[in-house]
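Engineer: Dropping in protein-v8.cif, with mmCIF, C-alpha atoms and all ligand atoms.
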```
data_target
#
loop_
_atom_site.label_atom_id
_atom_site.label_comp_id
_atom_site.auth_asym_id
_atom_site.auth_seq_id
_atom_site.Cartn_x
_atom_site.Cartn_y
_atom_site.Cartn_z
CA MET A 30 0.00 0.00 0.00
CA PHE A 31 2.55 2.53 1.17
CA SER A 32 5.04 1.83 -1.60
CA PHE A 33 2.27 2.14 -4.16
CA PHE A 34 1.41 5.61 -2.85
CA ASN A 35 5.06 6.66 -2.87
CA LYS A 36 5.59 5.52 -6.40
CA LYS A 37 2.66 7.54 -7.65
CA SER A 38 3.80 10.80 -6.17
CA SER A 39 7.54 10.42 -6.57
CA ALA A 40 7.87 13.03 -9.32
CA LYS A 41 6.51 15.61 -6.88
CA THR A 42 8.98 14.41 -4.24
CA ALA A 43 11.79 14.73 -6.78
CA LYS A 44 10.76 18.28 -7.62
CA ASP A 45 10.64 19.37 -3.98
CA ARG A 46 13.98 17.78 -3.11
CA LEU A 47 15.65 19.19 -6.22
CA THR A 48 14.38 22.70 -5.55
CA ILE A 49 15.99 22.70 -2.12
CA ALA A 50 19.23 20.98 -3.18
CA ILE A 51 19.76 23.38 -6.08
CA MET A 52 19.04 26.42 -3.94
CA SER A 53 21.74 25.38 -1.51
CA ASP A 54 24.16 24.47 -4.36
CA ARG A 55 23.74 27.93 -5.84
CA GLN A 56 24.53 29.56 -2.51
CA ASN A 57 27.64 27.46 -2.07
CA ALA A 58 28.83 28.23 -5.57
CA ASN A 59 30.12 31.55 -4.26
CA SER A 60 32.35 29.86 -1.70
CA PHE A 61 35.85 28.46 -2.16
CA PRO A 62 38.15 25.90 -0.52
CA ASN A 63 39.28 26.71 3.02
CA MET A 64 36.81 29.56 3.33
CA ASP A 65 35.95 28.53 6.89
CA ALA A 66 39.62 28.48 7.93
CA MET A 67 40.13 31.95 6.50
CA LYS A 68 36.99 33.20 8.23
CA ALA A 69 38.28 31.96 11.59
CA GLU A 70 41.65 33.63 11.09
CA ILE A 71 40.14 36.97 10.12
CA ILE A 72 37.89 36.88 13.17
CA GLU A 73 40.94 36.30 15.36
CA VAL A 74 42.76 39.30 13.89
CA VAL A 75 39.82 41.71 14.17
CA LYS A 76 39.02 40.49 17.65
CA LYS A 77 42.37 41.80 18.86
CA TYR A 78 41.07 45.31 18.27
CA MET A 79 37.28 45.19 18.58
CA GLY A 80 34.34 42.94 19.30
CA VAL A 81 33.11 40.82 16.40
CA LYS A 82 29.61 39.43 16.08
CA ALA A 83 29.63 37.78 12.67
CA ILE A 84 31.62 37.59 9.49
CA ASP A 85 30.53 36.92 5.95
CA ILE A 86 32.93 36.23 3.10
CA LYS A 87 31.92 36.00 -0.55
CA ARG A 88 33.80 35.61 -3.75
CA GLU A 89 32.19 37.67 -6.45
CA VAL A 90 32.84 37.62 -10.15
CA ASN A 91 31.89 40.67 -12.15
CA GLY A 92 33.02 40.65 -15.75
CA ASP A 93 36.78 40.31 -15.67
CA MET A 94 36.99 41.43 -12.04
CA GLU A 95 37.04 38.97 -9.23
CA ALA A 96 36.66 40.29 -5.73
CA LEU A 97 36.62 38.98 -2.22
CA SER A 98 34.03 40.79 -0.19
CA ILE A 99 34.34 40.57 3.56
CA ASP A 100 31.59 41.83 5.84
CA VAL A 101 32.43 42.02 9.51
CA GLN A 102 29.55 42.73 11.81
CA LEU A 103 30.79 44.35 15.03
CA ASP A 104 29.60 43.57 18.49
CA ASN A 105 28.46 46.91 19.91
CA LYS A 106 28.37 45.89 23.52
CA MET B 25 31.54 33.94 -38.50
CA GLY B 26 29.76 30.73 -37.57
CA ILE B 27 28.09 30.04 -34.26
CA ILE B 28 29.98 28.02 -31.66
CA ILE B 29 27.70 25.76 -29.62
CA ALA B 30 28.87 23.63 -26.68
CA VAL B 31 26.79 20.56 -25.84
CA ILE B 32 27.04 20.07 -22.07
CA SER B 33 25.33 18.19 -19.24
CA GLY B 34 27.32 18.03 -16.02
CA LYS B 35 26.42 14.41 -15.34
CA GLY B 36 27.81 11.85 -17.76
CA GLY B 37 25.89 9.47 -19.96
CA VAL B 38 22.78 11.60 -20.43
CA GLY B 39 23.04 11.97 -24.22
CA LYS B 40 25.53 14.70 -25.18
CA THR B 41 27.26 12.68 -27.88
CA THR B 42 23.98 11.35 -29.27
CA THR B 43 22.66 14.92 -29.35
CA THR B 44 25.80 16.35 -30.97
CA ALA B 45 25.72 13.74 -33.75
CA ASN B 46 22.03 14.17 -34.45
CA ILE B 47 21.77 17.94 -34.42
CA GLY B 48 25.05 18.22 -36.31
CA LEU B 49 23.62 16.06 -39.06
CA GLY B 50 20.22 17.74 -38.73
CA ILE B 51 21.72 21.19 -39.25
CA ALA B 52 23.70 19.91 -42.24
CA LEU B 53 20.53 18.42 -43.73
CA ASN B 54 18.98 21.88 -43.37
CA GLY B 55 21.59 23.14 -45.80
CA LYS B 56 23.99 24.78 -43.33
CA LYS B 57 27.68 24.00 -43.15
CA CYS B 58 28.36 22.28 -39.85
CA VAL B 59 31.36 20.79 -38.07
CA VAL B 60 31.12 18.62 -34.97
CA VAL B 61 34.17 18.41 -32.71
CA ASP B 62 34.73 15.73 -30.09
CA PHE B 63 36.10 17.50 -26.98
CA ASP B 64 35.99 14.31 -24.91
CA ILE B 65 39.78 13.89 -24.81
CA GLY B 66 40.81 10.32 -24.07
CA GLN B 67 37.33 8.95 -24.72
CA ARG B 68 36.69 9.31 -28.40
CA ASN B 69 33.06 8.35 -29.11
CA LEU B 70 31.48 10.70 -31.57
CA ASP B 71 33.34 9.00 -34.45
CA MET B 72 31.49 5.72 -33.75
CA ILE B 73 28.09 7.39 -33.46
CA LEU B 74 28.67 9.08 -36.83
CA GLY B 75 30.04 5.90 -38.41
CA LEU B 76 33.40 7.55 -39.12
CA GLU B 77 35.73 5.62 -36.80
CA ASN B 78 37.62 4.02 -39.68
CA ARG B 79 38.34 7.34 -41.30
CA VAL B 80 40.10 9.03 -38.38
CA VAL B 81 43.76 9.72 -39.17
CA TYR B 82 44.51 12.94 -37.31
CA ASP B 83 42.87 14.44 -34.24
CA MET B 84 42.14 17.94 -32.96
CA VAL B 85 45.15 18.04 -30.66
CA GLN B 86 47.45 17.49 -33.62
CA VAL B 87 45.70 20.38 -35.37
CA MET B 88 46.01 22.61 -32.32
CA ASP B 89 49.69 21.80 -31.98
CA GLY B 90 50.25 22.65 -35.63
CA GLU B 91 51.41 19.13 -36.54
CA VAL B 92 48.80 18.89 -39.29
CA LYS B 93 46.58 21.32 -41.18
CA LEU B 94 42.94 21.60 -40.20
CA LYS B 95 41.91 20.44 -43.69
CA GLN B 96 43.87 17.21 -43.24
CA ALA B 97 42.13 16.36 -40.00
CA LEU B 98 38.55 17.21 -40.96
CA ILE B 99 36.53 14.16 -42.02
CA LYS B 100 33.58 14.49 -44.39
CA SER B 101 30.41 12.67 -43.41
CA LYS B 102 28.95 10.16 -45.85
CA MET B 103 25.47 11.25 -44.85
CA SER B 104 25.66 14.91 -45.80
CA ASP B 105 28.17 16.97 -47.74
CA ASN B 106 27.56 19.81 -45.31
CA LEU B 107 28.75 17.86 -42.28
CA GLN B 108 32.35 17.43 -41.20
CA PHE B 109 33.90 15.93 -38.10
CA LEU B 110 37.04 16.51 -36.04
CA ALA B 111 38.10 13.65 -33.77
CA ALA B 112 39.17 13.81 -30.13
CA SER B 113 42.68 12.82 -29.25
CA GLN B 114 42.96 9.44 -27.53
CA THR B 115 45.78 10.59 -25.26
CA LYS B 116 45.16 10.09 -21.56
CA ASP B 117 46.82 13.40 -20.78
CA LYS B 118 44.02 15.94 -20.55
CA SER B 119 46.40 18.82 -19.95
CA VAL B 120 47.07 18.94 -23.70
CA LEU B 121 44.33 21.53 -24.04
CA ASP B 122 45.30 25.16 -23.70
CA SER B 123 43.04 28.21 -23.98
CA GLN B 124 44.94 30.03 -26.71
CA LYS B 125 45.14 26.91 -28.89
CA ILE B 126 41.44 26.25 -28.44
CA LEU B 127 40.62 29.82 -29.36
CA ASN B 128 42.70 29.52 -32.52
CA LEU B 129 41.02 26.26 -33.47
CA VAL B 130 37.42 27.35 -32.93
CA THR B 131 38.07 30.68 -34.63
CA GLU B 132 39.45 28.92 -37.68
CA LEU B 133 36.47 26.55 -37.71
CA SER B 134 33.94 29.33 -37.34
CA LYS B 135 35.36 30.98 -40.47
CA GLU B 136 34.64 27.85 -42.51
CA PHE B 137 31.37 26.66 -41.00
CA ASP B 138 27.99 28.14 -40.11
CA PHE B 139 27.81 25.98 -36.99
CA VAL B 140 30.66 24.63 -34.85
CA ILE B 141 29.33 22.09 -32.34
CA LEU B 142 31.52 20.94 -29.48
CA ASP B 143 30.72 17.68 -27.66
CA ALA B 144 31.78 18.21 -24.02
CA PRO B 145 33.18 15.50 -21.77
CA ALA B 146 31.24 14.37 -18.69
CA GLY B 147 31.77 16.32 -15.48
CA ILE B 148 32.62 19.94 -14.74
CA GLU B 149 36.42 19.73 -14.63
CA THR B 150 38.99 21.40 -16.90
CA GLY B 151 37.94 19.45 -20.01
CA TYR B 152 34.45 20.84 -19.56
CA GLU B 153 35.70 24.36 -18.88
CA HIS B 154 37.75 24.28 -22.06
CA THR B 155 34.70 23.22 -24.08
CA ILE B 156 32.59 26.14 -22.88
CA GLU B 157 35.38 28.72 -22.84
CA PHE B 158 34.72 30.23 -26.27
CA ALA B 159 31.13 29.10 -26.83
CA ASP B 160 28.51 31.55 -28.11
CA ARG B 161 25.70 29.25 -27.07
CA ALA B 162 25.24 26.10 -25.02
CA ILE B 163 22.86 23.20 -25.32
CA ILE B 164 22.27 21.65 -21.92
CA VAL B 165 21.16 18.03 -22.07
CA VAL B 166 19.35 16.57 -19.06
CA ASN B 167 17.44 13.41 -18.24
CA PRO B 168 14.23 13.78 -16.18
CA GLU B 169 16.02 12.58 -13.10
CA VAL B 170 17.33 14.34 -9.96
CA SER B 171 21.09 13.90 -10.29
CA SER B 172 21.17 14.92 -13.93
CA ILE B 173 19.21 18.11 -13.23
CA ARG B 174 21.26 19.02 -10.20
CA ASP B 175 24.56 18.51 -12.03
CA ALA B 176 23.26 20.48 -15.01
CA ASP B 177 22.59 23.43 -12.71
CA ARG B 178 26.19 23.36 -11.51
CA ALA B 179 27.47 23.13 -15.08
CA ILE B 180 25.32 26.17 -15.96
CA GLY B 181 26.80 28.04 -12.99
CA ILE B 182 30.30 27.46 -14.35
CA LEU B 183 29.20 28.44 -17.85
CA ASP B 184 27.84 31.71 -16.46
CA SER B 185 31.07 32.55 -14.67
CA LYS B 186 33.94 31.11 -16.70
CA SER B 187 33.10 31.49 -20.37
CA GLN B 188 34.86 34.26 -22.28
CA LYS B 189 31.54 35.75 -23.38
CA VAL B 190 30.54 36.29 -19.76
CA LYS B 191 33.95 37.65 -18.80
CA ASP B 192 33.53 40.17 -21.61
CA GLY B 193 30.25 41.26 -20.06
CA GLY B 194 28.02 39.26 -22.42
CA GLU B 195 25.93 36.16 -22.05
CA VAL B 196 26.06 32.63 -23.44
CA MET B 197 22.68 31.78 -24.90
CA LYS B 198 21.36 28.58 -23.35
CA TYR B 199 18.95 25.94 -24.62
CA LEU B 200 17.64 22.97 -22.71
CA ILE B 201 17.07 19.51 -24.17
CA ILE B 202 15.23 17.02 -22.00
CA ASN B 203 16.28 13.57 -23.20
CA ARG B 204 14.95 10.07 -22.48
CA ILE B 205 11.41 11.05 -21.55
CA ASP B 206 9.10 8.16 -20.78
CA ALA B 207 5.59 9.46 -21.50
CA LYS B 208 3.92 6.72 -19.48
CA MET B 209 5.96 7.50 -16.40
CA VAL B 210 5.35 11.24 -16.69
CA GLN B 211 1.62 10.60 -16.99
CA SER B 212 1.58 8.42 -13.90
CA GLY B 213 3.57 10.94 -11.89
CA GLU B 214 6.65 8.76 -11.59
CA MET B 215 8.88 10.97 -13.74
CA LEU B 216 9.54 14.70 -13.51
CA ALA B 217 7.49 16.62 -16.06
CA SER B 218 9.18 19.16 -18.30
CA GLU B 219 7.38 22.12 -16.67
CA ASP B 220 8.94 21.12 -13.35
CA ILE B 221 12.41 20.86 -14.85
CA LEU B 222 12.01 24.23 -16.57
CA ALA B 223 10.83 25.85 -13.36
CA ILE B 224 13.89 24.56 -11.52
CA LEU B 225 16.55 25.34 -14.13
CA SER B 226 14.86 28.40 -15.65
CA ILE B 227 16.44 28.19 -19.09
CA PRO B 228 14.48 28.03 -22.36
CA LEU B 229 13.53 24.64 -23.79
CA ILE B 230 14.54 23.79 -27.34
CA GLY B 231 13.21 20.25 -27.43
CA LYS B 232 12.19 17.06 -25.71
CA ILE B 233 13.46 13.65 -26.82
CA PRO B 234 11.58 10.52 -25.87
CA GLU B 235 13.25 7.36 -24.64
CA ASP B 236 13.76 5.43 -27.86
CA LYS B 237 15.19 1.92 -28.21
CA GLY B 238 16.06 2.76 -31.81
CA ILE B 239 18.97 4.86 -30.55
CA ILE B 240 20.90 1.71 -29.65
CA ASP B 241 20.39 0.33 -33.14
CA ALA B 242 21.40 3.68 -34.59
CA SER B 243 24.68 3.65 -32.67
CA ASN B 244 25.26 0.00 -33.54
CA GLN B 245 25.19 1.00 -37.19
CA GLY B 246 26.85 4.38 -36.90
CA LYS B 247 23.80 6.07 -38.44
CA PRO B 248 22.27 8.78 -36.25
CA ILE B 249 18.58 8.24 -35.53
CA ILE B 250 17.63 11.52 -37.21
CA LEU B 251 17.95 9.62 -40.51
CA ASP B 252 15.01 7.46 -39.46
CA ASN B 253 12.14 9.87 -39.85
CA SER B 254 9.63 7.34 -38.61
CA SER B 255 11.25 7.26 -35.17
CA LEU B 256 10.05 9.55 -32.39
CA ALA B 257 13.56 10.51 -31.29
CA GLY B 258 14.61 11.13 -34.89
CA LYS B 259 11.67 13.46 -35.44
CA ALA B 260 12.42 15.27 -32.20
CA TYR B 261 16.03 15.85 -33.30
CA SER B 262 14.83 17.10 -36.70
CA ARG B 263 12.64 19.68 -35.03
CA ILE B 264 15.46 20.84 -32.76
CA SER B 265 17.84 21.14 -35.72
CA ALA B 266 15.30 23.23 -37.61
CA ARG B 267 14.87 25.51 -34.59
CA LEU B 268 18.62 25.97 -34.34
CA CYS B 269 18.60 27.00 -38.00
CA GLY B 270 16.10 29.70 -37.14
CA GLN B 271 12.85 28.04 -38.20
CA GLU B 272 9.74 28.31 -36.07
CA VAL B 273 8.70 24.76 -35.25
CA PRO B 274 5.98 24.22 -32.66
CA LEU B 275 6.92 22.13 -29.62
CA GLU B 276 5.59 18.61 -29.89
CA ASN B 277 4.52 17.19 -26.58
CA VAL B 278 6.25 13.85 -26.30
CA GLU B 279 5.10 13.57 -22.70
CA VAL B 280 1.61 12.50 -23.63
CA LEU B 281 0.98 9.13 -25.18
CA LYS B 282 -0.13 9.21 -28.77
CA SER B 283 -3.83 8.48 -29.47
CA GLY B 284 -6.44 8.94 -26.83
CA LEU B 285 -8.55 11.97 -26.06
CA MET B 286 -6.19 13.49 -23.50
CA SER B 287 -3.34 13.90 -25.95
CA LYS B 288 -5.65 15.61 -28.40
CA ILE B 289 -6.97 18.01 -25.81
CA LYS B 290 -3.49 18.82 -24.55
CA GLY B 291 -2.27 19.18 -28.11
CA ILE B 292 -4.62 22.10 -28.64
CA PHE B 293 -2.98 24.04 -25.85
CA LYS B 294 0.62 23.36 -26.81
N1 LIG C 1 16.62 9.16 -26.04
C1 LIG C 1 17.33 8.04 -25.75
N2 LIG C 1 16.70 6.85 -25.72
C2 LIG C 1 17.40 5.72 -25.45
N3 LIG C 1 18.72 5.67 -25.22
C3 LIG C 1 19.40 6.82 -25.24
C4 LIG C 1 18.75 8.07 -25.51
N4 LIG C 1 19.69 9.05 -25.47
C5 LIG C 1 20.87 8.45 -25.19
N5 LIG C 1 20.71 7.11 -25.05
C6 LIG C 1 21.77 6.14 -24.73
O1 LIG C 1 22.43 6.57 -23.55
C7 LIG C 1 23.80 6.25 -23.60
C8 LIG C 1 24.64 7.50 -23.34
O2 LIG C 1 24.48 8.42 -24.40
P1 LIG C 1 25.65 9.37 -24.88
O3 LIG C 1 26.89 8.61 -25.13
O4 LIG C 1 25.10 10.21 -25.96
O5 LIG C 1 25.81 10.23 -23.54
P2 LIG C 1 26.98 11.27 -23.19
O6 LIG C 1 26.32 12.33 -22.38
O7 LIG C 1 27.70 11.68 -24.39
O8 LIG C 1 27.93 10.37 -22.27
P3 LIG C 1 29.40 10.80 -21.72
O9 LIG C 1 29.14 11.76 -20.63
O10 LIG C 1 29.98 9.51 -21.26
O11 LIG C 1 30.14 11.41 -22.87
C9 LIG C 1 24.06 5.64 -24.96
O12 LIG C 1 24.10 4.24 -24.83
C10 LIG C 1 22.86 6.08 -25.78
O13 LIG C 1 22.56 5.14 -26.78
MG MG C 2 29.82 11.66 -24.81
#
```
Let me see the structure of the file written as structure tokens.
Structural biologist:
Amino acid sequence: MFSFFNKKSSAKTAKDRLTIAIMSDRQNANSFPNMDAMKAEIIEVVKKYMGVKAIDIKREVNGDMEALSIDVQLDNK
Amino acid sequence: MGIIIAVISGKGGVGKTTTTANIGLGIALNGKKCVVVDFDIGQRNLDMILGLENRVVYDMVQVMDGEVKLKQALIKSKMSDNLQFLAASQTKDKSVLDSQKILNLVTELSKEFDFVILDAPAGIETGYEHTIEFADRAIIVVNPEVSSIRDADRAIGILDSKSQKVKDGGEVMKYLIINRIDAKMVQSGEMLASEDILAILSIPLIGKIPEDKGIIDASNQGKPIILDNSSLAGKAYSRISARLCGQEVPLENVEVLKSGLMSKIKGIFK
């Protein structure tokens, strides 16, 4: 019974799972190897001088230009 | 200058080589000069599908390295005077490809031919990146199946960031082919429908190819299925080829089974 039901609706299941997987793939496409390690090191450096709440690193490609954008959110307290 | 089209998929084995052979021949049969180039270095296959494996003397790497003239390496198809073929090298060393040499080769080809079609290797590694590097357009082949669609999306991401056209601020025109559709399974909800795939990938559709056992026979004989105009897949490839040549051909819905009231009703709305 159950397997019959599953079989019937599996295209819908495929669509839902794909939508989520692809969304997350597209987000990760802007990352690069060792991004987390670099993040941790930058946090350590900034922390020496001021409070850090969060950090966001992105690699952006714009035409021929490739840029690393680093957003450091400070801890105001 | 001719148009350079890369045939890509991300995942392997979904029908790139079959598609390259059929639309290459289809375009040639439409009266345009066309060359198909096997970019699958180390895994030469397109020659077999075109029935030209016995005629290969020189390959594209020898042309790129200047060892032989392009004219010496190009092989004329027996099936159309307008179609020529350039073989992949069988060397295992994939680092033979180099951007400048590829640019020279495709530029030379695009001076001689209206269409230059490049059959990409499986995957999204350097061999793939080299295939898309100088493409004006890309045909993305998928099967109605999760891993194929997911990998295609990643291949498209690379196309949109690494091709020369994009680096120059332009865009590579993209067309989707959904291959190996099983109408019965789509109808019963067991296979992803094309609307779903289009919604996920959001690139324009240029054609749908049904699952067709005749494709095995076609490759056995080295005669692309487009030559069999009674076959469903052959007809689908003919329509795609005509569209690529700029003709307006309505989309046939291969996802509904022929005969029966439903297909007629749906046909009205297509
Ligand atoms: N519409 C179809 N119906 C039935 N079989 C098909 C169809 N399309 C492709 N095939 C079969 O699928 C297999 C893989 O096709 P093909 O070699 O064209 O894929 P590919 O994407 O070029 O593979 P690779 O990534 O290894 O280069 C072949 O055996 C081919 O005959
Ligand atoms: Mg292939």
Engineer: Restricting the calculation to only C-alpha atoms and all ligand atoms, which member of B:Asp236, B:Glu91, B:Glu149, B:Asp105 is positioned closest to ligand LIG 1 (chain C)?
Structural biologist: B:Asp236
Engineer: Compare A:Thr48, A:Ser38, A:Ser60, A:Ser53 by their minimum atom-to-atom distance to Glu89 in chain A, counting all atoms listed in the file, and give me the closest one.
Structural biologist: A:Ser60
Engineer: Just the residues within 6 Å of range 39-41 of chain A, please, counting all atoms listed in the file, with nothing from its chain fewer than 6 positions along; format it as number ranges by chain.
Structural biologist: B: 213-216
Engineer: For chain B, report every residue with an atom at most 9 Å from chain A (counting all atoms listed in the file), formatted as a list in words.
Structural biologist: Glu169, Val170, Ser171, Ile173, Arg174, Asp177, Arg178, Gly181, Ile182, Ser185, Val190, Lys191, Asp192, Gly193, Gly194, Val210, Ser212, Gly213, Glu214, Met215, Leu216, Ala217, Asp220, Ile221, Ile224 and Leu225 of chain B
Engineer: When you draw a straight line from atom O13 of ligand LIG 1 (chain C) to CA of Asn106 in chain B, how long is it in Å?
Structural biologist: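 Value for the atom O13 of ligand LIG 1 (chain C)-CA of Asn106 in chain B distance: 24.2 Å.
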Engineer: Once you count only C-alpha atoms and all ligand atoms, which residues end up within 6 Å of ligand MG 2 (chain C), and could you hand them over as an MDAnalysis selection string?
Structural biologist: chainID B and resid 40:41 145
Engineer: Tell me, counting all atoms listed in the file, for each residue of chain B within 6 Å of ligand LIG 1 (chain C), which pair of atoms is nearest and how far apart they are in Å to one decimal, in rows ordered by chain and increasing number, as CSV.
Structural biologist:
```
residue,atom,partner,partner_atom,distance
B:Gly36,CA,C:LIG1,O9,3.2
B:Gly37,CA,C:LIG1,O8,3.2
B:Val38,CA,C:LIG1,O6,4.1
B:Gly39,CA,C:LIG1,O4,3.2
B:Lys40,CA,C:LIG1,O6,3.8
B:Thr41,CA,C:LIG1,O7,3.7
B:Thr42,CA,C:LIG1,O4,3.7
B:Pro145,CA,C:LIG1,O11,5.2
B:Ala146,CA,C:LIG1,O9,3.9
B:Asn203,CA,C:LIG1,N1,5.3
B:Arg204,CA,C:LIG1,N1,4.0
B:Ile233,CA,C:LIG1,N1,5.5
B:Pro234,CA,C:LIG1,N1,5.2
B:Glu235,CA,C:LIG1,N2,3.7
B:Asp236,CA,C:LIG1,N2,3.9
B:Lys237,CA,C:LIG1,C2,5.2
B:Ile239,CA,C:LIG1,O13,5.2
B:Ile240,CA,C:LIG1,O13,4.8
```
Engineer: Restricting the output to C-alpha atoms, write the selected residues as an mmCIF file, keeping the file's coordinate frame.
Structural biologist:
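Contents of again_11.cif, freshly written:
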```cif
data_model
loop_
_atom_site.group_PDB
_atom_site.id
_atom_site.type_symbol
_atom_site.label_atom_id
_atom_site.label_comp_id
_atom_site.auth_asym_id
_atom_site.auth_seq_id
_atom_site.Cartn_x
_atom_site.Cartn_y
_atom_site.Cartn_z
ATOM 1 C CA GLY B 36 27.810 11.850 -17.760
ATOM 2 C CA GLY B 37 25.890 9.470 -19.960
ATOM 3 C CA VAL B 38 22.780 11.600 -20.430
ATOM 4 C CA GLY B 39 23.040 11.970 -24.220
ATOM 5 C CA LYS B 40 25.530 14.700 -25.180
ATOM 6 C CA THR B 41 27.260 12.680 -27.880
ATOM 7 C CA THR B 42 23.980 11.350 -29.270
ATOM 8 C CA PRO B 145 33.180 15.500 -21.770
ATOM 9 C CA ALA B 146 31.240 14.370 -18.690
ATOM 10 C CA ASN B 203 16.280 13.570 -23.200
ATOM 11 C CA ARG B 204 14.950 10.070 -22.480
ATOM 12 C CA ILE B 233 13.460 13.650 -26.820
ATOM 13 C CA PRO B 234 11.580 10.520 -25.870
ATOM 14 C CA GLU B 235 13.250 7.360 -24.640
ATOM 15 C CA ASP B 236 13.760 5.430 -27.860
ATOM 16 C CA LYS B 237 15.190 1.920 -28.210
ATOM 17 C CA ILE B 239 18.970 4.860 -30.550
ATOM 18 C CA ILE B 240 20.900 1.710 -29.650
#
```
Engineer: Between B:Val92, B:Asp117, B:Ile201, B:Leu74, single out the one closest to Ser172 in chain B, counting all atoms listed in the file.
Structural biologist: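 Residue with the minimum atom-to-atom distance to Ser172 in chain B: B:Ile201.
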Engineer: Quick one: distance from CA of Pro168 in chain B to CA of Asp206 in chain B in Å, one decimal?
Structural biologist: 8.9 Å
Engineer: Distance CA of Ser123 in chain B-CA of Asp62 in chain B, one decimal place?
Structural biologist: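 Straight-line distance from CA of Ser123 in chain B to CA of Asp62 in chain B works out to 16.2 Å.
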Engineer: Counting all atoms listed in the file, which residues come within 6 Å of (32.2, 19.8, -28.4), with the point read in the file's coordinates, and could you list them as a list in words?
Structural biologist: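 With a cut-off of 6 Å, the residues come to Ala30, Val61, Asp62, Phe63, Ile141, Leu142, Asp143 and Ala144 of chain B.
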Engineer: Which residue is closest to Gly50 in chain B? Choose from B:Val280, B:Ile29, B:Ile249, B:Leu229 and count only C-alpha atoms.
Structural biologist: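 Between B:Val280, B:Ile29, B:Ile249, B:Leu229, the residue approaching Gly50 in chain B most closely is B:Ile249.
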